[in-house]
>>> print(open('query28.txt').read())   # compact mmCIF, C-alpha atoms
# COMPACT_ATOMS: atom_id res chain seq x y z
CA MET A 1 -27.81 49.80 1.98
CA THR A 2 -24.38 49.90 3.62
CA ASP A 3 -20.84 50.30 2.30
CA ALA A 4 -19.33 47.30 4.09
CA LYS A 5 -19.34 44.01 2.21
CA LEU A 6 -20.21 41.16 4.52
CA CYS A 7 -19.33 37.46 4.32
CA TRP A 8 -21.77 35.07 5.98
CA LEU A 9 -21.03 31.35 6.06
CA ASP A 10 -23.82 28.79 6.38
CA ILE A 11 -22.51 25.77 8.31
CA ARG A 12 -25.77 23.78 8.37
CA GLY A 13 -24.48 21.32 5.78
CA ALA A 14 -20.86 21.07 6.90
CA GLY A 15 -21.37 17.81 8.82
CA THR A 16 -18.15 16.34 10.21
CA ALA A 17 -16.16 19.25 8.73
CA THR A 18 -18.01 21.81 10.88
CA GLN A 19 -15.25 22.41 13.42
CA ALA A 20 -12.56 22.78 10.76
CA VAL A 21 -14.80 25.10 8.74
CA LEU A 22 -15.38 27.26 11.82
CA GLU A 23 -11.67 27.48 12.56
CA GLU A 24 -10.99 28.61 9.00
CA ALA A 25 -13.89 31.09 9.16
CA LEU A 26 -12.43 32.72 12.26
CA HIS A 27 -8.99 32.88 10.66
CA GLN A 28 -10.50 34.58 7.58
CA ARG A 29 -12.53 36.93 9.80
CA ILE A 30 -15.84 35.85 8.32
CA ASP A 31 -18.50 38.31 9.50
CA GLY A 32 -21.36 35.94 10.24
CA ILE A 33 -21.93 32.26 10.99
CA VAL A 34 -25.37 30.92 10.03
CA ALA A 35 -26.88 27.88 11.75
CA ALA A 36 -30.22 26.39 12.76
CA ASP A 37 -29.11 25.24 16.21
CA PRO A 38 -27.89 27.74 18.85
CA ALA A 39 -25.48 25.07 20.13
CA ALA A 40 -23.41 25.60 16.96
CA PHE A 41 -22.29 28.97 18.34
CA ALA A 42 -20.53 27.52 21.38
CA GLY A 43 -17.06 28.99 21.73
CA LEU A 44 -17.41 31.59 18.97
CA PRO A 45 -16.01 35.02 19.86
CA PRO A 46 -18.21 38.13 20.07
CA THR A 47 -16.57 39.51 16.91
CA VAL A 48 -18.60 37.04 14.80
CA ARG A 49 -22.30 37.65 14.19
CA LYS A 50 -24.25 34.54 15.16
CA VAL A 51 -27.25 34.11 12.88
CA LEU A 52 -30.12 31.62 13.22
CA LEU A 53 -31.93 31.12 9.90
CA PHE A 54 -35.28 29.32 9.62
CA GLU A 55 -36.65 29.27 6.07
CA ASP A 56 -39.70 27.21 7.15
CA GLY A 57 -41.13 29.87 9.46
CA LEU A 58 -41.66 30.78 13.10
CA ASP A 59 -42.64 27.25 14.18
CA ALA A 60 -39.04 26.14 13.73
CA VAL A 61 -37.63 28.77 16.10
CA PRO A 62 -36.56 27.25 19.46
CA ALA A 63 -37.58 28.82 22.75
CA ASP A 64 -33.94 29.21 23.77
CA LEU A 65 -31.96 31.26 21.23
CA GLY A 66 -28.67 30.78 23.07
CA ALA A 67 -25.93 33.17 22.00
CA ALA A 68 -27.67 34.19 18.76
CA ASP A 69 -27.30 37.82 17.74
CA LEU A 70 -29.80 37.68 14.87
CA VAL A 71 -32.76 35.50 13.95
CA VAL A 72 -34.01 35.48 10.35
CA VAL A 73 -37.45 34.11 9.46
CA PRO A 74 -39.98 34.51 6.63
CA GLY A 75 -42.91 36.89 6.87
CA PRO A 76 -43.36 40.56 7.79
CA ARG A 77 -42.35 41.92 11.17
CA GLU A 78 -45.88 41.99 12.60
CA GLU A 79 -45.96 38.18 12.43
CA ARG A 80 -42.93 37.92 14.70
CA ALA A 81 -43.89 40.70 17.15
CA ALA A 82 -44.40 38.30 20.06
CA LEU A 83 -41.07 36.58 19.38
CA GLN A 84 -39.26 39.90 19.29
CA GLU A 85 -40.92 40.98 22.52
CA ALA A 86 -39.79 37.75 24.19
CA HIS A 87 -36.17 38.31 23.08
CA PRO A 88 -35.49 42.07 23.30
CA ASP A 89 -31.70 41.59 23.11
CA VAL A 90 -31.81 39.75 19.77
CA GLU A 91 -32.12 41.34 16.34
CA PHE A 92 -34.62 39.98 13.84
CA GLY A 93 -34.63 39.98 10.04
CA ARG A 94 -36.72 38.64 7.19
CA TYR A 95 -36.02 35.78 4.80
CA VAL A 96 -37.58 36.03 1.33
CA GLU A 97 -37.44 33.40 -1.40
CA ILE A 98 -37.90 35.17 -4.73
CA VAL A 99 -39.64 33.10 -7.42
CA ASP A 100 -42.09 35.51 -9.08
CA ALA A 101 -43.28 39.12 -9.23
CA ASP A 102 -45.15 38.95 -5.90
CA THR A 103 -42.19 37.60 -3.95
CA LEU A 104 -39.95 40.14 -5.68
CA GLU A 105 -42.21 42.87 -4.30
CA ASP A 106 -41.90 41.25 -0.85
CA ALA A 107 -38.12 41.40 -1.21
CA CYS A 108 -38.22 45.09 -2.16
CA LEU A 109 -40.43 45.82 0.84
CA ALA A 110 -38.13 43.91 3.17
CA ALA A 111 -35.07 45.71 1.81
CA ARG A 112 -36.72 49.07 2.48
CA LEU A 113 -38.10 48.30 5.95
CA GLU A 114 -36.11 45.53 7.62
CA PRO A 115 -32.77 45.95 9.42
CA TRP A 116 -31.70 42.63 7.84
CA SER A 117 -33.04 40.99 4.69
CA VAL A 118 -31.81 37.57 3.56
CA LEU A 119 -32.81 37.11 -0.07
CA ASP A 120 -32.81 33.80 -1.94
CA PHE A 121 -33.22 34.28 -5.71
CA ARG A 122 -34.14 30.96 -7.29
CA ASP A 123 -33.65 32.02 -10.93
CA PRO A 124 -30.11 32.52 -12.32
CA THR A 125 -30.81 36.03 -13.66
CA LYS A 126 -29.52 38.95 -11.57
CA ILE A 127 -32.17 41.40 -12.81
CA PRO A 128 -34.42 40.84 -9.73
CA LEU A 129 -31.46 41.64 -7.45
CA GLU A 130 -30.84 44.81 -9.46
CA ILE A 131 -34.46 45.81 -8.83
CA VAL A 132 -34.18 45.19 -5.08
CA ILE A 133 -30.92 47.13 -4.79
CA ALA A 134 -32.47 50.05 -6.64
CA ALA A 135 -35.58 49.89 -4.44
CA ALA A 136 -33.44 49.91 -1.28
CA THR A 137 -31.47 53.02 -2.20
CA GLY A 138 -31.20 55.15 0.94
CA ALA A 139 -32.64 52.47 3.23
CA PRO A 140 -30.71 51.89 6.47
CA GLY A 141 -30.97 48.09 6.50
CA SER A 142 -28.64 45.48 5.03
CA ILE A 143 -29.31 43.06 2.18
CA ILE A 144 -27.69 39.61 2.37
CA THR A 145 -28.04 37.55 -0.81
CA THR A 146 -27.53 33.80 -1.03
CA ALA A 147 -24.92 32.44 -3.44
CA SER A 148 -24.41 28.88 -4.59
CA ASN A 149 -20.66 29.32 -5.14
CA THR A 150 -17.89 31.91 -5.06
CA GLU A 151 -18.24 32.79 -8.75
CA GLU A 152 -21.83 33.81 -8.10
CA ALA A 153 -20.78 35.58 -4.89
CA GLU A 154 -18.33 37.79 -6.79
CA ILE A 155 -21.09 38.80 -9.22
CA ILE A 156 -23.53 39.53 -6.39
CA TYR A 157 -21.00 41.82 -4.71
CA GLY A 158 -20.85 43.91 -7.89
CA VAL A 159 -24.45 44.09 -9.15
CA LEU A 160 -25.31 47.68 -10.20
CA GLU A 161 -21.78 48.61 -9.04
CA LEU A 162 -23.21 48.85 -5.50
CA GLY A 163 -23.68 45.15 -4.96
CA SER A 164 -25.50 43.37 -2.19
CA ASP A 165 -24.36 44.34 1.31
CA GLY A 166 -23.31 40.77 1.91
CA VAL A 167 -23.35 37.22 0.64
CA LEU A 168 -24.54 34.09 2.42
CA MET A 169 -22.89 30.94 1.10
CA ARG A 170 -23.04 27.35 2.31
CA ALA A 171 -19.78 25.92 3.56
CA ASN A 172 -19.36 22.22 2.87
CA THR A 173 -15.62 21.89 3.28
CA VAL A 174 -12.44 23.63 4.34
CA GLY A 175 -11.51 26.28 1.78
CA ASP A 176 -15.00 27.70 1.33
CA ALA A 177 -14.46 30.46 3.90
CA THR A 178 -11.23 31.55 2.22
CA ALA A 179 -12.86 31.49 -1.21
CA LEU A 180 -15.78 33.64 -0.02
CA ARG A 181 -13.47 36.18 1.58
CA THR A 182 -11.46 36.32 -1.65
CA ALA A 183 -14.64 36.92 -3.66
CA ALA A 184 -15.55 39.82 -1.38
CA SER A 185 -12.11 41.42 -1.62
CA ALA A 186 -12.05 40.98 -5.41
CA ARG A 187 -14.23 44.07 -5.70
CA GLY A 188 -11.20 46.21 -5.02
CA GLY A 189 -9.77 48.28 -2.22
CA GLU A 190 -7.07 50.88 -1.91
CA ILE A 191 -3.43 51.04 -2.91
CA ASP A 192 -0.77 53.50 -1.78
CA LEU A 193 0.27 56.01 -4.43
CA VAL A 194 3.36 58.21 -4.23
CA GLU A 195 4.52 61.28 -6.12
CA LEU A 196 7.47 60.48 -8.37
CA THR A 197 9.87 63.08 -9.75
CA VAL A 198 10.90 62.65 -13.38
CA THR A 199 14.70 62.57 -13.74
CA ARG A 200 15.17 61.77 -17.45
CA THR A 201 13.38 60.87 -20.67
CA THR A 202 15.08 59.02 -23.51
CA HIS A 203 13.94 58.16 -27.04
CA ILE A 204 15.01 54.53 -27.43
CA GLY A 205 13.80 53.60 -30.92
CA MET A 206 11.41 50.94 -32.10
CA GLY A 207 9.83 48.17 -30.06
CA GLU A 208 6.55 46.51 -29.26
CA ARG A 209 4.01 48.23 -27.07
CA ALA A 210 0.71 46.91 -25.69
CA CYS A 211 -2.66 48.64 -25.65
CA VAL A 212 -4.86 47.03 -23.00
CA ASP A 213 -8.51 47.14 -24.05
CA THR A 214 -10.82 46.30 -21.16
CA THR A 215 -14.53 45.58 -20.91
CA THR A 216 -14.92 48.58 -18.61
CA HIS A 217 -15.52 52.30 -19.09
CA PHE A 218 -12.67 53.99 -17.21
CA ARG A 219 -13.26 57.22 -15.35
CA LYS A 220 -11.18 60.26 -16.28
CA ASP A 221 -8.96 59.94 -13.20
CA GLU A 222 -8.35 56.19 -13.63
CA GLY A 223 -5.78 54.06 -15.35
CA ILE A 224 -3.56 51.06 -14.66
CA LEU A 225 -0.18 50.79 -13.00
CA VAL A 226 2.67 49.91 -15.35
CA GLY A 227 6.45 49.71 -14.88
CA SER A 228 9.63 48.08 -16.08
CA HIS A 229 10.43 46.90 -12.55
CA SER A 230 8.29 45.05 -10.04
CA LYS A 231 9.07 47.56 -7.28
CA GLY A 232 8.13 50.72 -9.12
CA MET A 233 5.19 51.57 -11.40
CA VAL A 234 3.57 54.64 -12.95
CA LEU A 235 -0.16 55.35 -13.24
CA CYS A 236 -0.95 55.35 -16.97
CA VAL A 237 -4.23 57.09 -17.80
CA SER A 238 -6.94 55.61 -19.97
CA GLU A 239 -7.96 57.13 -23.29
CA THR A 240 -10.99 58.88 -21.79
CA HIS A 241 -9.59 62.32 -22.60
CA PRO A 242 -10.23 63.91 -26.03
CA LEU A 243 -7.61 63.76 -28.78
CA PRO A 244 -7.59 65.88 -31.94
CA TYR A 245 -7.11 63.08 -34.48
CA MET A 246 -9.24 60.22 -33.14
CA PRO A 247 -12.27 59.49 -30.95
CA THR A 248 -11.83 58.67 -27.29
CA ARG A 249 -11.57 55.01 -26.38
CA PRO A 250 -12.60 55.01 -22.70
CA PHE A 251 -12.01 51.28 -22.36
CA ARG A 252 -8.32 51.47 -23.37
CA VAL A 253 -4.98 52.14 -21.71
CA ASN A 254 -1.97 52.58 -24.02
CA ALA A 255 0.04 50.88 -21.36
CA GLY A 256 3.66 50.46 -22.38
CA ALA A 257 6.29 48.13 -23.77
CA LEU A 258 5.28 44.47 -23.78
CA HIS A 259 7.87 43.48 -21.11
CA SER A 260 6.27 45.80 -18.53
CA TYR A 261 4.56 44.73 -15.34
CA THR A 262 1.00 45.64 -14.40
CA VAL A 263 -0.95 44.83 -11.24
CA SER A 264 -3.83 42.36 -11.01
CA GLN A 265 -5.95 41.13 -8.10
CA ALA A 266 -4.45 40.25 -4.72
CA GLY A 267 -1.28 42.17 -5.56
CA ARG A 268 -0.14 39.79 -8.26
CA THR A 269 1.72 41.23 -11.25
CA HIS A 270 1.55 40.21 -14.90
CA TYR A 271 3.63 41.10 -17.91
CA LEU A 272 1.62 43.05 -20.46
CA SER A 273 2.57 40.34 -22.96
CA GLU A 274 0.78 37.74 -20.80
CA LEU A 275 -2.60 39.47 -20.79
CA HIS A 276 -5.38 38.13 -22.99
CA ALA A 277 -9.15 38.22 -23.28
CA GLY A 278 -10.56 37.33 -19.88
CA SER A 279 -7.50 38.38 -17.85
CA LYS A 280 -7.93 40.70 -14.88
CA VAL A 281 -6.09 43.96 -14.28
CA LEU A 282 -6.47 46.53 -11.52
CA ALA A 283 -7.99 49.89 -12.38
CA VAL A 284 -6.58 52.56 -10.08
CA ASP A 285 -7.66 56.17 -9.61
CA VAL A 286 -5.58 59.12 -8.40
CA LYS A 287 -6.73 58.57 -4.80
CA GLY A 288 -5.52 54.97 -4.86
CA ARG A 289 -8.96 53.40 -5.03
CA THR A 290 -8.97 50.19 -7.04
CA ARG A 291 -11.35 47.85 -8.82
CA PRO A 292 -10.64 44.73 -10.86
CA VAL A 293 -11.54 44.97 -14.54
CA SER A 294 -11.57 42.34 -17.26
CA VAL A 295 -9.39 42.47 -20.36
CA GLY A 296 -11.25 42.22 -23.66
CA ARG A 297 -8.24 42.38 -25.96
CA VAL A 298 -4.54 43.27 -25.98
CA LYS A 299 -3.08 44.97 -29.08
CA ILE A 300 0.68 44.54 -29.40
CA GLU A 301 2.19 46.54 -32.26
CA THR A 302 5.59 47.93 -33.26
CA ARG A 303 5.93 51.61 -32.38
CA PRO A 304 8.68 54.10 -31.42
CA LEU A 305 9.29 54.01 -27.66
CA ILE A 306 10.27 56.53 -24.98
CA SER A 307 11.88 55.62 -21.64
CA ILE A 308 10.83 57.64 -18.58
CA ASP A 309 12.99 57.53 -15.47
CA ALA A 310 11.71 58.86 -12.15
CA VAL A 311 12.58 58.67 -8.47
CA ALA A 312 10.43 58.31 -5.36
CA PRO A 313 10.94 60.34 -2.15
CA SER A 314 12.51 57.18 -0.67
CA GLY A 315 15.13 57.17 -3.43
CA GLN A 316 13.56 54.19 -5.20
CA ALA A 317 14.17 54.39 -8.96
CA VAL A 318 11.20 53.82 -11.29
CA ASN A 319 11.19 53.26 -15.04
CA LEU A 320 8.39 53.13 -17.59
CA ILE A 321 8.72 52.61 -21.35
CA LEU A 322 5.83 53.95 -23.42
CA GLN A 323 4.92 54.52 -27.01
CA ASP A 324 6.82 57.63 -28.11
CA ASP A 325 3.83 59.78 -29.01
CA TRP A 326 2.43 62.82 -27.25
CA HIS A 327 -1.11 61.42 -27.04
CA VAL A 328 0.12 58.63 -24.71
CA ARG A 329 -0.37 59.98 -21.22
CA VAL A 330 0.24 59.43 -17.52
CA LEU A 331 -1.44 60.89 -14.45
CA GLY A 332 -0.04 63.44 -12.05
CA PRO A 333 -1.25 64.95 -8.75
CA ASN A 334 -4.81 66.30 -8.75
CA ALA A 335 -5.61 64.08 -11.76
CA ALA A 336 -3.40 66.14 -14.07
CA VAL A 337 -3.13 64.46 -17.49
CA LEU A 338 0.47 64.64 -18.72
CA ASN A 339 1.63 63.89 -22.26
CA SER A 340 4.52 61.46 -22.05
CA THR A 341 6.65 63.18 -24.72
CA GLU A 342 6.39 66.52 -22.92
CA LEU A 343 7.63 65.22 -19.56
CA LYS A 344 10.88 66.79 -18.37
CA PRO A 345 13.14 66.49 -15.32
CA GLY A 346 11.43 67.89 -12.25
CA ASP A 347 7.87 67.03 -13.34
CA THR A 348 5.72 65.08 -10.87
CA ILE A 349 3.82 61.93 -11.80
CA LEU A 350 1.90 59.39 -9.72
CA GLY A 351 3.14 55.87 -9.08
CA HIS A 352 3.16 52.91 -6.75
CA LEU A 353 6.03 51.12 -5.01
CA PRO A 354 5.30 47.43 -4.34
CA THR A 355 7.43 46.22 -1.45
CA ALA A 356 8.13 42.65 -2.51
CA ASP A 357 10.13 41.04 -5.29
CA ARG A 358 8.28 38.76 -7.70
CA HIS A 359 8.38 35.16 -8.81
CA VAL A 360 5.91 34.29 -11.61
CA GLY A 361 3.97 37.37 -10.55
CA TYR A 362 3.60 36.50 -6.88
CA PRO A 363 5.28 38.55 -4.13
CA ILE A 364 8.21 36.71 -2.57
CA ASP A 365 10.84 37.61 0.00
CA GLU A 366 14.12 36.86 -1.79
CA PHE A 367 17.07 38.65 -3.33
CA CYS A 368 16.23 40.12 -6.72
CA LEU A 369 18.16 42.84 -8.58
CA GLU A 370 16.33 44.69 -11.35
CA LYS A 371 18.10 47.23 -13.59
>>> encode(input="query28.txt", output="structure tokens")
Amino acid sequence: MTDAKLCWLDIRGAGTATQAVLEEALHQRIDGIVAADPAAFAGLPPTVRKVLLFEDGLDAVPADLGAADLVVVPGPREERAALQEAHPDVEFGRYVEIVDADTLEDACLAARLEPWSVLDFRDPTKIPLEIVIAAATGAPGSIITTASNTEEAEIIYGVLELGSDGVLMRANTVGDATALRTAASARGGEIDLVELTVTRTTHIGMGERACVDTTTHFRKDEGILVGSHSKGMVLCVSETHPLPYMPTRPFRVNAGALHSYTVSQAGRTHYLSELHAGSKVLAVDVKGRTRPVSVGRVKIETRPLISIDAVAPSGQAVNLILQDDWHVRVLGPNAAVLNSTELKPGDTILGHLPTADRHVGYPIDEFCLEK
């Protein structure tokens, strides 16, 4: 298993759209192009892996492999020994169609032994893929799993939290390459965090605050980014840390006043008041590592509020309005958990400074003054 998440695009069914699909694939930096004819690779740069896939077996493999980097066929490696000997500069991998317990065992064996395994699960359940991923733990090869669409691709990338090393999806039209790349990046990435210095706290009276309950178990150093302004947010910790008067709720972030921004996928922001069951928000840890999580419920209730003002090293002002209660917390350097009502000028908290203004949540380069 590898850490990189690969996007392979199968152009065998693209027909008259093939050239346009290839141009989009190169623009999106798709990792591999899959074809059955070596001529399809003409003009492709060396940065793209050129994969020949023959599900029907060795008899379909042409004598001339052209510019192919990798050839994938069914059957164990001893069956293709002569082919590999004839093409020492080409890599070879195994294709397995999983339909029952025996073919699942073949897939596990391929994942453990082959440098490349292309797995085609014919049943909609993802339990067989979970078994293969577990069986391949520590193996040096890469697992590429077929997906029928981008929704399935996103699930495949996240199975057992490790996910398949890559996804192979058919491209029938322009837009498929972009959608596949988006599905791969939806797993998360990294975001720049900065240390903010608290300058003032103010008790501002009653208002509505939102608790964001997700379908995910947060880690102790994770939370979500929340702020009154689109260009400055604070990392609010989840309720994974013990409290004296209630049990922990590791799925929840007591996030802030309902007008506040939070960050979703692809850098888009949402007001807390907009979130609902099925929405996505970005979980962020103290090292800036992110992962998208789904919202299960948002609780908006009237509570006393506290306003926290802070400043970044750049001079950028940041504001966050939270429930005015000491058990509502934010994160500081080294994953320090800080009670909001005990913050004072000079304290350091973690935050993020988006660089763009917002229009309906999307970054946009225009004049925008927030106070």
>>> atom_distance(input="query28.txt", atom1="atom CA of A:Leu180", atom2="atom CA of A:Asp285")
25.8 Å
>>> closest_residue(input="query28.txt", among="A:Gln84, A:Gln265, A:Thr150, A:Ser314", to="A:Leu58", atoms="only C-alpha atoms")
A:Gln84
>>> atom_distance(input="query28.txt", atom1="atom CA of A:Ala68", atom2="atom CA of A:Val99")
28.8 Å
>>> closest_residue(input="query28.txt", among="A:Ala82, A:Met233, A:Val90, A:Ala171", to="A:Gly66", atoms="all atoms listed in the file")
A:Val90
>>> atom_distance(input="query28.txt", atom1="atom CA of A:Ala110", atom2="atom CA of A:Gly57")
15.7 Å
>>> closest_residue(input="query28.txt", among="A:Cys236, A:Ala20, A:Ala111, A:Ile11", to="A:Gly141", atoms="all atoms listed in the file")
A:Ala111
>>> closest_atom_pairs(input="query28.txt", of="stretch 222-241 of chain A", to="stretch 328-348 of chain A", cutoff="9 Å", atoms="only C-alpha atoms", output="JSON lines")
{"residue": "A:Glu222", "atom": "CA", "partner": "A:Leu331", "partner_atom": "CA", "distance": 8.4}
{"residue": "A:Gly223", "atom": "CA", "partner": "A:Leu331", "partner_atom": "CA", "distance": 8.1}
{"residue": "A:Val234", "atom": "CA", "partner": "A:Val330", "partner_atom": "CA", "distance": 7.4}
{"residue": "A:Leu235", "atom": "CA", "partner": "A:Leu331", "partner_atom": "CA", "distance": 5.8}
{"residue": "A:Cys236", "atom": "CA", "partner": "A:Val330", "partner_atom": "CA", "distance": 4.3}
{"residue": "A:Val237", "atom": "CA", "partner": "A:Val330", "partner_atom": "CA", "distance": 5.1}
{"residue": "A:Ser238", "atom": "CA", "partner": "A:Arg329", "partner_atom": "CA", "distance": 8.0}
{"residue": "A:Glu239", "atom": "CA", "partner": "A:Val328", "partner_atom": "CA", "distance": 8.3}
{"residue": "A:His241", "atom": "CA", "partner": "A:Val337", "partner_atom": "CA", "distance": 8.5}
>>> residues_around(input="query28.txt", residues="A:Glu24", least_positions_apart="4", cutoff="12 Å", atoms="only C-alpha atoms", output="VMD selection string")
chain A and resid 9 11 17 to 20 28 to 30 33 171 173 to 181
>>> residues_around(input="query28.txt", residues="A:Ala312", least_positions_apart="5", cutoff="10 Å", atoms="only C-alpha atoms", output="VMD selection string")
chain A and resid 194 to 198 232 317 to 318 348 to 353
>>> residues_around(input="query28.txt", residues="stretch 248-263 of chain A", least_positions_apart="3", cutoff="6 Å", atoms="all atoms listed in the file", output="list in words")
Glu208, Arg209, Ala210, Cys211, Val212, Asp213, Thr214, Thr216, His217, Phe218, Leu225, Val226, Gly227, Ser228, Ser238, Glu239, Thr240, Pro242, Arg268, Thr269, His270, Tyr271, Leu272, Ser273, Leu282, Ile321 and Leu322 of chain A
>>> closest_residue(input="query28.txt", among="A:Gly75, A:Leu70, A:Leu83, A:Gly32", to="A:Trp116", atoms="all atoms listed in the file")
A:Leu70
>>> closest_residue(input="query28.txt", among="A:Thr16, A:Thr215, A:Thr137, A:Ser230", to="A:Gln316", atoms="only C-alpha atoms")
A:Ser230
>>> closest_residue(input="query28.txt", among="A:Val61, A:Leu6, A:Ala81, A:Leu243", to="A:Ser142", atoms="only C-alpha atoms")
A:Leu6
>>> residues_around(input="query28.txt", residues="A:Ser307", least_positions_apart="2", cutoff="9 Å", atoms="only C-alpha atoms", output="list in words")
Arg200, Thr201, Thr202, His203, Ile204, Leu305, Asp309, Asn319, Leu320, Ile321, Leu322, Gln323 and Asp324 of chain A
